[in-house]
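Quick notes on the structure that follows.
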Amino acid sequence: RCDEKHAMDKIRAFIEEQFLVEFDDDFPEDTNLFKEGVMDSFGYVQLCRFLEREFAITFTEAEMTGNVLVSLSQIRDTVAAKLAAAG
């Protein structure tokens, strides 16, 4: 679906711009952004706020503290699931 691809591109662009990284063969989309030192807790909150604003979704405390949003691929999966659930 075009809309979903566009949404996922936006997430990738935000992370690349916000955290000054580029996803490629050396830095795959399933890289843990915390472990690599790319994202800290402040950046994480910014990311969550961006996703909530951009996609009109909300994250529970459990989701925010449960390490589900630590890599681009996990973030995409989580957002896609929330959008699907919202219909």
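Residues in the structure tokens are named by chain (A, B, ... in the order shown) and by number from 1 within that chain; ligands are numbered from 1 in the order shown.
By only C-alpha atoms, and with residues fewer than 4 positions from Phe34 of chain A along its chain excluded, the set lying at most 9 Å from it is A:Val38, A:Met39, A:Asp40, A:Ser41, A:Tyr44, A:Val70, A:Ser71.
For Val68 of chain A, the residues within 12 Å (counting only C-alpha atoms, excluding itself and residues fewer than 4 positions away along the chain) are Asp30, Asn32, Leu33, Phe34, Tyr44, Cys48, Phe59, Thr60, Glu61, Ala62, Glu63, Met64, Leu72, Ser73, Gln74, Ile75, Arg76, Asp77, Thr78 and Val79 of chain A.
With only C-alpha atoms as the atoms that count, the minimum distance from Phe23 of chain A to the choices A:Asp9, A:Lys35, A:Phe42, A:Leu69 is reached by A:Asp9.
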**Message:** Considering only helix (DSSP H, G or I) as DSSP defines it on the backbone, what residues of segment 4-87 of chain A qualify? List them as a ChimeraX atom specification.
**Reply:** /A:4-19,41-55,61-65,72-86
**For Glu22 of chain A: contacts at 12 Å, only C-alpha atoms, fewer than 5 positions along chain excluded, given as number ranges by chain** = A: 12-17, 27-29, 31, 33, 38, 72
Atoms kept (C-alpha atoms) for selection, written as a tab-separated table (two decimals), in the first residue's frame:
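Dumped to out_30.tsv:
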chain	number	residue	atom	x	y	z
A	12	ARG	CA	12.97	6.55	8.43
A	13	ALA	CA	13.55	10.17	7.34
A	14	PHE	CA	12.76	11.45	10.84
A	15	ILE	CA	15.21	9.04	12.48
A	16	GLU	CA	17.94	9.76	9.92
A	17	GLU	CA	17.54	13.54	10.31
A	27	PHE	CA	23.62	0.09	9.48
A	28	PRO	CA	20.58	-2.11	8.81
A	29	GLU	CA	17.05	-1.16	9.77
A	31	THR	CA	19.96	-2.10	14.36
A	33	LEU	CA	19.48	2.43	18.14
A	38	VAL	CA	22.35	6.68	18.31
A	72	LEU	CA	13.57	1.16	12.65
